[in-house]
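For reference, the structure discussed in these notes is given below.
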Amino acid sequence: MSAKQVTSMSEIIDVIKDGDTIISGGFGLCGIPEKAILALAEKGVKDLTIVSNNCGVDDWGLGLLLKNHQIKKIIASYVGENKLFETQYLNGELEVELSPQGTLAERIRAGGAGIAGFYTPTGFGTEIAEGKEVKEMDGKMYVLEKAIKGDVALVKAWKGDPYGNLIYRQTARNFNPLAATAGKITIAEVEELVDVGELDPNFIHTPSIYVQHIVEGKSYEKRIEKRTVRKKQLN
Amino acid sequence: MSAKQVTSMSEIIDVIKDGDTIISGGFGLCGIPEKAILALAEKGVKDLTIVSNNCGVDDWGLGLLLKNHQIKKIIASYVGENKLFETQYLNGELEVELSPQGTLAERIRAGGAGIAGFYTPTGFGTEIAEGKEVKEMDGKMYVLEKAIKGDVALVKAWKGDPYGNLIYRQTARNFNPLAATAGKITIAEVEELVDVGELDPNFIHTPSIYVQHIVEGKSYEKRIEKRTVRKKQLN
Amino acid sequence: MLTSRERIIKRASEEIKDGMNVNLGIGMPTLLANEIPETIDVFLQSENGLLGIGPYPYAGEENADLINAGKETVTARAGASFFDNAESFAMIRGGHIDLAVLGGMEVSEDGDLANWMIPGKMVKGMGGAMDLVQGAKKIVIIMDHVNKHGETKVRKACTLPVTGLKVVDRLITDRAVFDFTKDGMVLTEILGNGTIDDIKACTEASFTVSKKLLEGVSKND
Amino acid sequence: MLTSRERIIKRASEEIKDGMNVNLGIGMPTLLANEIPETIDVFLQSENGLLGIGPYPYAGEENADLINAGKETVTARAGASFFDNAESFAMIRGGHIDLAVLGGMEVSEDGDLANWMIPGKMVKGMGGAMDLVQGAKKIVIIMDHVNKHGETKVRKACTLPVTGLKVVDRLITDRAVFDFTKDGMVLTEILGNGTIDDIKACTEASFTVSKKLLEGVSKND
């Protein structure tokens with residue numbers, strides 16, 4: 001078997017270099033590649049371009065890289081949960097490209113799928129379309145949006161096998177399968193690494209072909225951003 | 001519950017009218033919506049535009065609609081298994097638009113996903129690109145391909161629930177999940193209709209939102225086109 | 001007597017019909033989920049990858065892997081499905097969502113919507129709002145009719161950066177309901193105690209009044 | 001002594017390396033699967049939606065739901081995955097396939113390939129060939145050097161409609177191996193008993209001869 005499995009994130013994180021573009025899975029703090037982010041924060045590579053729907057919170061997730069001033073540019077759809085972001089943006093340290101959430105997802109998918117660009121109705125007539133090509137097709141206006149590729153993609157899955165087949169759990173899937181396709185090198189971290197053949201081939205979310213390295217992480221924190229509950233009803 | 005479930009294909013096939021564009025799942029004879037095709041052949045609607053990777057064989061699958069002269073135009077990537085096709089094409093009865101397989105899949109996906117068109121490298125410099133817009137992006141040449149939508153999509157799944165959630169089996173998935181997204185009306189036929197909650201929400205291939213009608217088919221023929229086997233080795 | 005917020009939510013909840021797939025925006029629209037009667041079977045979509053949002057979990061049963069687009073812990077109802085973000089926005093952009101109810105900052109008489117940024121304030125991002133307004137079959141905006149300074153939010157033209165042009169189908173404020181038709185903006189209902197003239201007084205946008213409302217008003221007079 | 005077909009297949013099978021994801025075209029390329037040594041761990045992709053094609057099923061165990069792109073019944077190996085056609089061509093177009101081995105009708109000295117239609121004959125369609133030649137990291141074409149009339153299939157320019165321009169990385173015929181580099185077409189190996197002059201005689205395309213081959217030939221002399 002060709003070995004994709006590594007024993008720790010620190011063993012493989014050196015593939016990421018200063019100035020790299022990194023596509024990260026996750027939505028809010030759900031399904032983020034927390035071990036990879038911790039390893040990156042420890043390693044201290046700089047001038048990163050981060051592609052991610054959000055940028056973590058001040059003390060967790062991608063916020064840790066902001067705190068360390070490791071991020072040069074971020075491409076995201078919503079960054080409202082992160083106060084460090086505001087400071088660094090206002091003092092000109094951080095470059096920001098906002099992309100509507102569906103457009104961002106589709107751009108990453110396009111990057112992985114060899115599609116150079118696509119026409120979407122999203123953002124037509126808004127600031128987001130400024131400087132972009134627009135085209136009328138079948139009587140509706142569309143904006144040309146371009147693919148995003150990463151030097152590295154960081155992906156967090158529920159279970160994976162040594163070939164790199166992955167499955168995700170519930171809404172922790174989010175951007176992860178898209179990111180997985182769009183990295184020149186894709187590093188997957190999983191809560192549980194299972195033997196080859198244990199994952200049902202009919203229900204693989206990310207086929208092994210997209211994954212170059214896989215590592216099992218220990219004791220995931222999986223922080224909850226907004227704990228909302230209802231009261232147990234008495235019988 | 002909003003009722004999507006019907007008891008027979010003939011009950012619902014009347015939504016298809018003369019001149020409709022129909023997107024059909026299936027690759028070769030694998031995973032084709034055989035009950036819907038039989039119902040269509042019986043009903044005899046005419047002047048159909050069929051979007052399907054292949055066009056069946058002379059006496060099965062979409063070939064049955066060719067035999068009945070119900071097809072006006074076909075958009076496909078490979079039609080070499082069907083002799084009726086040749087006859088009708090040569091005598092001018094049948095219009096053909098060839099689309100490379102990956103482009104066809106992506107065009108159907110785009111139709112379902114509200115993407116009007118996309119730039120693919122596939123077909124650049126070939127006959128397929130004639131009359132289409134081309135564009136250089138990041139030093140490579142791309143062809144603009146446009147979305148395909150159907151009046152009706154016909155889909156065959158393995159299991160489904162009354163809301164229209166679907167799962168497919170092995171390579172019978174093929175174009176089915178794409179077709180499901182791209183019909184104004186999507187009719188799904190399944191080998192087994194299970195109760196709500198029996199399908200694991202984490203492993204649904206086609207979410208219910210894409211399906212308008214679902215019907216359980218009886219005794220599927222599932223014809224094999226090329227039976228290739230190896231000999232059992234003696235111990 | 002209902003508060004203005006309760007009035008908006010009550011009226012907006014009537015937009016939700018049996019069998020619909022619905023996306024409720026973050027904030028006030030999310031509260032609509034509690035108003036859906038049990039006799040109605042609806043799938044609520046969350047753009048982070050869930051069709052079939054259920055109620056909030058019981059205390060102690062929160063699950064970090066199961067959140068809504070507002071990052072709140074939720075549950076999934078029977079018949080739900082999970083998917084990635086590209087699939088989620090294929091549903092949205094592709095016109096498969098029957099109804100999206102979103103908050104607004106301003107709506108113009110052409111049905112333009114502004115709801116994602118205020119110049120001079122920190123940019124947070126548009127999230128999925130620009131996709132939703134282009135994709136859902138019906139866009140209903142809910143917002144207060146006037147801001148806290150008493151200035152109208154129902155404008156001739158949006159003064160804030162737009163989320164989409166000519167995208168609003170219906171506007172529900174605490175004072176009125178407007179439809180955006182090919183013949184322009186139409187006042188169709190008055191919520192609360194105002195008169196047509198009251199609505200005109202607090203609305204910059206030009207609108208006509210529906211025949212039904214005119215008849216109803218004259219009957220009530 | 002090997003037949004010309006066996007010679008092509010044997011040489012082409014050497015292109016397949018441990019850990020690769022490989023797409024084998026319909027026809028002669030499919031036969032390569034039998035030549036992969038057991039010491040090598042490879043995933044064969046089938047563009048109808050399978051990564052990890054296994055051997056043909058035992059008689060009686062054929063499964064209509066499990067076929068390859070040639071519509072033959074197959075099996076799936078351990079670690080395989082199934083997916084839809086859009087995902088399959090995302091893999092192909094997106095550059096995730098390490099190697100595609102395809103049949104050819106003509107190859108030009110620029111690396112253009114023609115392998116999908118012959119004018120005047122019935123059009124069958126290109127299937128996935130146009131996507132594969134644009135997407136896979138390495139494109140190896142296998143074909144006879146000359147047609148049944150003795151005419152070369154290795155051309156200055158393709159006379160048949162092309163499948164892709166400048167897409168071929170390596171051409172393996174029953175007589176020779178050529179690489180397509182930024183410096184043009186290079187003869188790198190001779191298969192069978194021919195000389196460099198023999199290869200030149202049956203090749204319309206202009207090519208140079210690799211240093212390694214020139215040295216090897218002079219040593220053998």
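Here's how to read the names in the structure tokens: chain A, B, ... by the order shown, residue numbers from 1 in each chain, ligand numbers from 1 in the order shown.
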
Shell around Gly184 in chain C at 10 Å using only C-alpha atoms, local window under 6 positions removed, as a PDB file with N, CA, C and O atoms, in the first residue's frame:
```pdb
ATOM      1  N   GLU C 109     -38.246  50.662  -3.860  1.00  0.00           N
ATOM      2  CA  GLU C 109     -39.524  50.440  -4.570  1.00  0.00           C
ATOM      3  C   GLU C 109     -39.370  49.498  -5.762  1.00  0.00           C
ATOM      4  O   GLU C 109     -40.343  48.951  -6.245  1.00  0.00           O
ATOM      5  N   ASP C 110     -38.153  49.322  -6.224  1.00  0.00           N
ATOM      6  CA  ASP C 110     -37.909  48.346  -7.303  1.00  0.00           C
ATOM      7  C   ASP C 110     -37.709  46.930  -6.775  1.00  0.00           C
ATOM      8  O   ASP C 110     -37.492  45.998  -7.550  1.00  0.00           O
ATOM      9  N   GLY C 111     -37.715  46.778  -5.466  1.00  0.00           N
ATOM     10  CA  GLY C 111     -37.471  45.452  -4.891  1.00  0.00           C
ATOM     11  C   GLY C 111     -35.993  45.177  -4.666  1.00  0.00           C
ATOM     12  O   GLY C 111     -35.598  44.036  -4.442  1.00  0.00           O
ATOM     13  N   SER C 206     -42.423  54.866  -3.724  1.00  0.00           N
ATOM     14  CA  SER C 206     -43.746  55.057  -4.337  1.00  0.00           C
ATOM     15  C   SER C 206     -44.419  53.710  -4.472  1.00  0.00           C
ATOM     16  O   SER C 206     -43.792  52.754  -4.923  1.00  0.00           O
ATOM     17  N   PHE C 207     -45.673  53.654  -4.110  1.00  0.00           N
ATOM     18  CA  PHE C 207     -46.376  52.372  -4.245  1.00  0.00           C
ATOM     19  C   PHE C 207     -47.833  52.640  -4.578  1.00  0.00           C
ATOM     20  O   PHE C 207     -48.353  53.735  -4.338  1.00  0.00           O
ATOM     21  N   THR C 208     -48.469  51.634  -5.130  1.00  0.00           N
ATOM     22  CA  THR C 208     -49.913  51.702  -5.324  1.00  0.00           C
ATOM     23  C   THR C 208     -50.566  50.865  -4.224  1.00  0.00           C
ATOM     24  O   THR C 208     -49.876  50.147  -3.503  1.00  0.00           O
TER      25      THR C 208
END
```

With a cut-off of 10 Å and counting only C-alpha atoms, select all residues of chain A in contact with chain B and give the selection as JSON, numbers by chain. {"A": [106, 110, 113, 114, 115, 116, 117, 118, 119, 120, 121, 122, 135, 136, 137, 138, 140, 141, 142, 143, 144, 145, 146, 147, 167, 168, 169, 170, 171, 173, 201, 202, 203, 204, 205]}

Residues of chain A within 8 Å of chain C, only C-alpha atoms counted, as number ranges by chain: A: 27-28, 30-31, 76-80, 86, 98-103, 105-106, 109, 121-127, 169-178, 222-232

Ile16 in chain C environment, 8 Å, only C-alpha atoms, sequence neighbours closer than 5 positions dropped, as an MDAnalysis selection string: chainID C and resid 22 36 42 99

Running DSSP on the backbone, which parts of range 32-209 of chain C land in strand (DSSP E), as a PDB file with N, CA and C atoms, in the first residue's frame?
```pdb
ATOM      1  N   PHE C  43     -39.689  21.532   5.435  1.00  0.00           N
ATOM      2  CA  PHE C  43     -38.254  21.309   5.620  1.00  0.00           C
ATOM      3  C   PHE C  43     -37.545  22.651   5.655  1.00  0.00           C
ATOM      4  N   LEU C  44     -36.887  22.905   6.772  1.00  0.00           N
ATOM      5  CA  LEU C  44     -36.098  24.128   6.895  1.00  0.00           C
ATOM      6  C   LEU C  44     -34.668  23.816   6.479  1.00  0.00           C
ATOM      7  N   GLN C  45     -34.147  24.638   5.565  1.00  0.00           N
ATOM      8  CA  GLN C  45     -32.792  24.421   5.073  1.00  0.00           C
ATOM      9  C   GLN C  45     -31.821  25.331   5.785  1.00  0.00           C
ATOM     10  N   SER C  46     -30.676  24.796   6.120  1.00  0.00           N
ATOM     11  CA  SER C  46     -29.616  25.596   6.716  1.00  0.00           C
ATOM     12  C   SER C  46     -28.454  25.561   5.738  1.00  0.00           C
ATOM     13  N   LEU C  50     -27.692  21.397   5.826  1.00  0.00           N
ATOM     14  CA  LEU C  50     -28.740  20.571   6.444  1.00  0.00           C
ATOM     15  C   LEU C  50     -30.085  20.930   5.849  1.00  0.00           C
ATOM     16  N   LEU C  51     -30.810  19.931   5.390  1.00  0.00           N
ATOM     17  CA  LEU C  51     -32.207  20.118   5.004  1.00  0.00           C
ATOM     18  C   LEU C  51     -33.044  19.369   6.036  1.00  0.00           C
ATOM     19  N   GLY C  52     -33.840  20.118   6.802  1.00  0.00           N
ATOM     20  CA  GLY C  52     -34.641  19.496   7.850  1.00  0.00           C
ATOM     21  C   GLY C  52     -34.135  19.835   9.240  1.00  0.00           C
ATOM     22  N   ILE C  53     -34.005  21.139   9.524  1.00  0.00           N
ATOM     23  CA  ILE C  53     -33.605  21.569  10.874  1.00  0.00           C
ATOM     24  C   ILE C  53     -34.697  21.168  11.853  1.00  0.00           C
ATOM     25  N   ALA C  76     -31.760  17.527  13.952  1.00  0.00           N
ATOM     26  CA  ALA C  76     -32.269  17.258  12.601  1.00  0.00           C
ATOM     27  C   ALA C  76     -33.576  16.482  12.733  1.00  0.00           C
ATOM     28  N   ARG C  77     -34.549  16.829  11.930  1.00  0.00           N
ATOM     29  CA  ARG C  77     -35.854  16.163  11.981  1.00  0.00           C
ATOM     30  C   ARG C  77     -35.814  14.849  11.193  1.00  0.00           C
ATOM     31  N   ALA C  78     -36.840  14.041  11.324  1.00  0.00           N
ATOM     32  CA  ALA C  78     -36.954  12.807  10.537  1.00  0.00           C
ATOM     33  C   ALA C  78     -37.051  13.167   9.059  1.00  0.00           C
ATOM     34  N   GLY C  79     -36.295  12.465   8.234  1.00  0.00           N
ATOM     35  CA  GLY C  79     -36.304  12.750   6.801  1.00  0.00           C
ATOM     36  C   GLY C  79     -35.294  13.815   6.406  1.00  0.00           C
ATOM     37  N   ALA C  80     -34.461  14.220   7.342  1.00  0.00           N
ATOM     38  CA  ALA C  80     -33.438  15.233   7.060  1.00  0.00           C
ATOM     39  C   ALA C  80     -32.311  14.657   6.211  1.00  0.00           C
ATOM     40  N   SER C  81     -31.487  15.549   5.667  1.00  0.00           N
ATOM     41  CA  SER C  81     -30.271  15.122   4.967  1.00  0.00           C
ATOM     42  C   SER C  81     -29.170  16.148   5.195  1.00  0.00           C
ATOM     43  N   PHE C  82     -27.927  15.644   5.220  1.00  0.00           N
ATOM     44  CA  PHE C  82     -26.745  16.497   5.343  1.00  0.00           C
ATOM     45  C   PHE C  82     -25.998  16.499   4.011  1.00  0.00           C
ATOM     46  N   LEU C  99     -39.043  29.213  -0.467  1.00  0.00           N
ATOM     47  CA  LEU C  99     -39.218  30.479   0.236  1.00  0.00           C
ATOM     48  C   LEU C  99     -37.988  30.780   1.081  1.00  0.00           C
ATOM     49  N   ALA C 100     -37.500  31.999   0.988  1.00  0.00           N
ATOM     50  CA  ALA C 100     -36.472  32.460   1.924  1.00  0.00           C
ATOM     51  C   ALA C 100     -37.026  33.691   2.626  1.00  0.00           C
ATOM     52  N   VAL C 101     -36.943  33.687   3.936  1.00  0.00           N
ATOM     53  CA  VAL C 101     -37.347  34.847   4.728  1.00  0.00           C
ATOM     54  C   VAL C 101     -36.084  35.435   5.335  1.00  0.00           C
ATOM     55  N   LEU C 102     -35.778  36.689   4.972  1.00  0.00           N
ATOM     56  CA  LEU C 102     -34.526  37.308   5.391  1.00  0.00           C
ATOM     57  C   LEU C 102     -34.796  38.647   6.054  1.00  0.00           C
ATOM     58  N   GLY C 103     -33.895  39.058   6.893  1.00  0.00           N
ATOM     59  CA  GLY C 103     -33.964  40.388   7.459  1.00  0.00           C
ATOM     60  C   GLY C 103     -33.500  41.419   6.438  1.00  0.00           C
ATOM     61  N   GLU C 106     -32.675  47.932   4.219  1.00  0.00           N
ATOM     62  CA  GLU C 106     -33.462  48.809   3.359  1.00  0.00           C
ATOM     63  C   GLU C 106     -34.031  47.982   2.202  1.00  0.00           C
ATOM     64  N   VAL C 107     -35.235  48.392   1.774  1.00  0.00           N
ATOM     65  CA  VAL C 107     -35.813  47.824   0.549  1.00  0.00           C
ATOM     66  C   VAL C 107     -36.247  49.007  -0.303  1.00  0.00           C
ATOM     67  N   SER C 108     -35.978  48.901  -1.618  1.00  0.00           N
ATOM     68  CA  SER C 108     -36.375  50.004  -2.505  1.00  0.00           C
ATOM     69  C   SER C 108     -37.671  49.666  -3.232  1.00  0.00           C
ATOM     70  N   LEU C 113     -32.687  45.099  -2.444  1.00  0.00           N
ATOM     71  CA  LEU C 113     -32.516  44.831  -1.013  1.00  0.00           C
ATOM     72  C   LEU C 113     -31.107  45.228  -0.587  1.00  0.00           C
ATOM     73  N   ALA C 114     -31.017  45.889   0.563  1.00  0.00           N
ATOM     74  CA  ALA C 114     -29.716  46.099   1.217  1.00  0.00           C
ATOM     75  C   ALA C 114     -29.818  45.450   2.588  1.00  0.00           C
ATOM     76  N   ILE C 139     -38.775  35.501  -2.237  1.00  0.00           N
ATOM     77  CA  ILE C 139     -37.981  36.201  -1.222  1.00  0.00           C
ATOM     78  C   ILE C 139     -38.906  37.114  -0.436  1.00  0.00           C
ATOM     79  N   VAL C 140     -39.028  36.828   0.846  1.00  0.00           N
ATOM     80  CA  VAL C 140     -39.809  37.684   1.744  1.00  0.00           C
ATOM     81  C   VAL C 140     -38.836  38.356   2.710  1.00  0.00           C
ATOM     82  N   ILE C 141     -38.893  39.676   2.747  1.00  0.00           N
ATOM     83  CA  ILE C 141     -38.029  40.434   3.662  1.00  0.00           C
ATOM     84  C   ILE C 141     -38.860  40.893   4.851  1.00  0.00           C
ATOM     85  N   ILE C 142     -38.307  40.695   6.033  1.00  0.00           N
ATOM     86  CA  ILE C 142     -38.977  41.211   7.230  1.00  0.00           C
ATOM     87  C   ILE C 142     -38.054  42.229   7.899  1.00  0.00           C
ATOM     88  N   VAL C 154     -37.988  51.961   3.923  1.00  0.00           N
ATOM     89  CA  VAL C 154     -38.626  51.584   2.651  1.00  0.00           C
ATOM     90  C   VAL C 154     -38.405  52.743   1.689  1.00  0.00           C
ATOM     91  N   ARG C 155     -37.444  52.579   0.797  1.00  0.00           N
ATOM     92  CA  ARG C 155     -36.830  53.678   0.070  1.00  0.00           C
ATOM     93  C   ARG C 155     -37.206  53.752  -1.416  1.00  0.00           C
ATOM     94  N   ARG C 170     -41.793  40.061  -1.543  1.00  0.00           N
ATOM     95  CA  ARG C 170     -42.743  40.595  -0.560  1.00  0.00           C
ATOM     96  C   ARG C 170     -41.966  41.212   0.601  1.00  0.00           C
ATOM     97  N   LEU C 171     -42.452  42.331   1.072  1.00  0.00           N
ATOM     98  CA  LEU C 171     -41.854  43.001   2.232  1.00  0.00           C
ATOM     99  C   LEU C 171     -42.889  43.032   3.350  1.00  0.00           C
ATOM    100  N   ILE C 172     -42.495  42.513   4.506  1.00  0.00           N
ATOM    101  CA  ILE C 172     -43.379  42.557   5.672  1.00  0.00           C
ATOM    102  C   ILE C 172     -42.696  43.413   6.740  1.00  0.00           C
ATOM    103  N   ALA C 176     -46.871  47.168   7.603  1.00  0.00           N
ATOM    104  CA  ALA C 176     -47.537  46.898   6.322  1.00  0.00           C
ATOM    105  C   ALA C 176     -46.905  45.727   5.584  1.00  0.00           C
ATOM    106  N   VAL C 177     -47.624  45.268   4.576  1.00  0.00           N
ATOM    107  CA  VAL C 177     -47.107  44.243   3.669  1.00  0.00           C
ATOM    108  C   VAL C 177     -47.155  44.817   2.255  1.00  0.00           C
ATOM    109  N   PHE C 178     -46.043  44.692   1.530  1.00  0.00           N
ATOM    110  CA  PHE C 178     -45.972  45.158   0.144  1.00  0.00           C
ATOM    111  C   PHE C 178     -45.593  43.978  -0.758  1.00  0.00           C
ATOM    112  N   ASP C 179     -46.175  43.953  -1.945  1.00  0.00           N
ATOM    113  CA  ASP C 179     -45.729  43.004  -2.964  1.00  0.00           C
ATOM    114  C   ASP C 179     -45.014  43.757  -4.068  1.00  0.00           C
ATOM    115  N   PHE C 180     -44.011  43.119  -4.649  1.00  0.00           N
ATOM    116  CA  PHE C 180     -43.284  43.710  -5.777  1.00  0.00           C
ATOM    117  C   PHE C 180     -43.698  42.953  -7.027  1.00  0.00           C
ATOM    118  N   THR C 181     -44.419  43.657  -7.897  1.00  0.00           N
ATOM    119  CA  THR C 181     -44.996  43.013  -9.077  1.00  0.00           C
ATOM    120  C   THR C 181     -44.413  43.671 -10.315  1.00  0.00           C
ATOM    121  N   GLY C 184     -44.985  47.211 -10.404  1.00  0.00           N
ATOM    122  CA  GLY C 184     -44.411  48.045  -9.342  1.00  0.00           C
ATOM    123  C   GLY C 184     -44.771  47.549  -7.955  1.00  0.00           C
ATOM    124  N   MET C 185     -44.499  48.391  -6.985  1.00  0.00           N
ATOM    125  CA  MET C 185     -44.669  48.053  -5.576  1.00  0.00           C
ATOM    126  C   MET C 185     -46.117  48.314  -5.158  1.00  0.00           C
ATOM    127  N   VAL C 186     -46.701  47.330  -4.501  1.00  0.00           N
ATOM    128  CA  VAL C 186     -48.118  47.423  -4.155  1.00  0.00           C
ATOM    129  C   VAL C 186     -48.299  47.181  -2.657  1.00  0.00           C
ATOM    130  N   LEU C 187     -49.006  48.105  -2.001  1.00  0.00           N
ATOM    131  CA  LEU C 187     -49.380  47.892  -0.597  1.00  0.00           C
ATOM    132  C   LEU C 187     -50.571  46.945  -0.565  1.00  0.00           C
ATOM    133  N   THR C 188     -50.431  45.826   0.112  1.00  0.00           N
ATOM    134  CA  THR C 188     -51.500  44.825   0.097  1.00  0.00           C
ATOM    135  C   THR C 188     -52.164  44.643   1.455  1.00  0.00           C
ATOM    136  N   GLU C 189     -51.448  44.969   2.513  1.00  0.00           N
ATOM    137  CA  GLU C 189     -52.028  44.790   3.853  1.00  0.00           C
ATOM    138  C   GLU C 189     -51.477  45.873   4.770  1.00  0.00           C
ATOM    139  N   ILE C 190     -52.271  46.237   5.747  1.00  0.00           N
ATOM    140  CA  ILE C 190     -51.788  47.107   6.817  1.00  0.00           C
ATOM    141  C   ILE C 190     -51.781  46.283   8.103  1.00  0.00           C
ATOM    142  N   THR C 208     -48.469  51.634  -5.130  1.00  0.00           N
ATOM    143  CA  THR C 208     -49.913  51.702  -5.324  1.00  0.00           C
ATOM    144  C   THR C 208     -50.566  50.865  -4.224  1.00  0.00           C
ATOM    145  N   VAL C 209     -51.862  50.992  -4.121  1.00  0.00           N
ATOM    146  CA  VAL C 209     -52.586  50.236  -3.087  1.00  0.00           C
ATOM    147  C   VAL C 209     -53.449  49.193  -3.780  1.00  0.00           C
TER     148      VAL C 209
END
```

So which residues touch Met105 in chain C within 9 Å, counting only C-alpha atoms, skipping near sequence neighbours fewer than 6 positions away, as an mmCIF file with N, CA and C atoms, in the first residue's frame?
```
data_model
loop_
_atom_site.group_PDB
_atom_site.id
_atom_site.type_symbol
_atom_site.label_atom_id
_atom_site.label_comp_id
_atom_site.auth_asym_id
_atom_site.auth_seq_id
_atom_site.Cartn_x
_atom_site.Cartn_y
_atom_site.Cartn_z
ATOM 1 N N LEU C 113 -32.687 45.099 -2.444
ATOM 2 C CA LEU C 113 -32.516 44.831 -1.013
ATOM 3 C C LEU C 113 -31.107 45.228 -0.587
ATOM 4 N N ALA C 114 -31.017 45.889 0.563
ATOM 5 C CA ALA C 114 -29.716 46.099 1.217
ATOM 6 C C ALA C 114 -29.818 45.450 2.588
ATOM 7 N N ASN C 115 -28.961 44.507 2.852
ATOM 8 C CA ASN C 115 -29.000 43.894 4.186
ATOM 9 C C ASN C 115 -27.652 43.320 4.612
ATOM 10 N N TRP C 116 -26.543 43.791 4.021
ATOM 11 C CA TRP C 116 -25.287 43.121 4.398
ATOM 12 C C TRP C 116 -24.194 44.032 4.919
ATOM 13 N N MET C 117 -24.259 45.332 4.652
ATOM 14 C CA MET C 117 -23.196 46.158 5.213
ATOM 15 C C MET C 117 -23.603 47.610 5.341
ATOM 16 N N MET C 143 -38.636 43.362 8.272
ATOM 17 C CA MET C 143 -37.839 44.409 8.959
ATOM 18 C C MET C 143 -38.786 45.437 9.544
ATOM 19 N N ASP C 144 -38.258 46.245 10.463
ATOM 20 C CA ASP C 144 -39.033 47.375 10.960
ATOM 21 C C ASP C 144 -39.231 48.366 9.811
ATOM 22 N N ASN C 147 -36.252 53.120 11.106
ATOM 23 C CA ASN C 147 -35.132 52.821 12.006
ATOM 24 C C ASN C 147 -35.312 53.515 13.357
ATOM 25 N N LYS C 153 -37.166 52.885 6.231
ATOM 26 C CA LYS C 153 -36.255 51.904 5.630
ATOM 27 C C LYS C 153 -36.811 51.434 4.285
ATOM 28 N N VAL C 154 -37.988 51.961 3.923
ATOM 29 C CA VAL C 154 -38.626 51.584 2.651
ATOM 30 C C VAL C 154 -38.405 52.743 1.689
ATOM 31 N N LEU C 160 -27.839 52.196 1.120
ATOM 32 C CA LEU C 160 -26.775 51.285 1.545
ATOM 33 C C LEU C 160 -26.384 50.379 0.375
#
```

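For the pair CA of Thr3 in chain C and CA of Gly192 in chain C, the interatomic distance is 9.7 Å.
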
Could you please write out, as a ChimeraX atom specification, every residue of range 21-173 of chain D that DSSP assigns to helix (DSSP H, G or I)? /D:28-35,85-93,129-135

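Taking CA of Asn23 in chain C as the reference point, CA of Val167 in chain C is found at 15.3 Å.
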
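You will find CA of Lys73 in chain A at 6.3 Å from CA of Ile50 in chain A.
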
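Contact shell of His213 in chain B at 10 Å (only C-alpha atoms; same-chain neighbours under 4 positions omitted): Ala3, Lys4, Gln5, Val6, Met9, Ile12, Pro162, Tyr163, Gly164, Ile185, Thr186, Ile187, Ala188, Glu189 and Ser208 of chain B.
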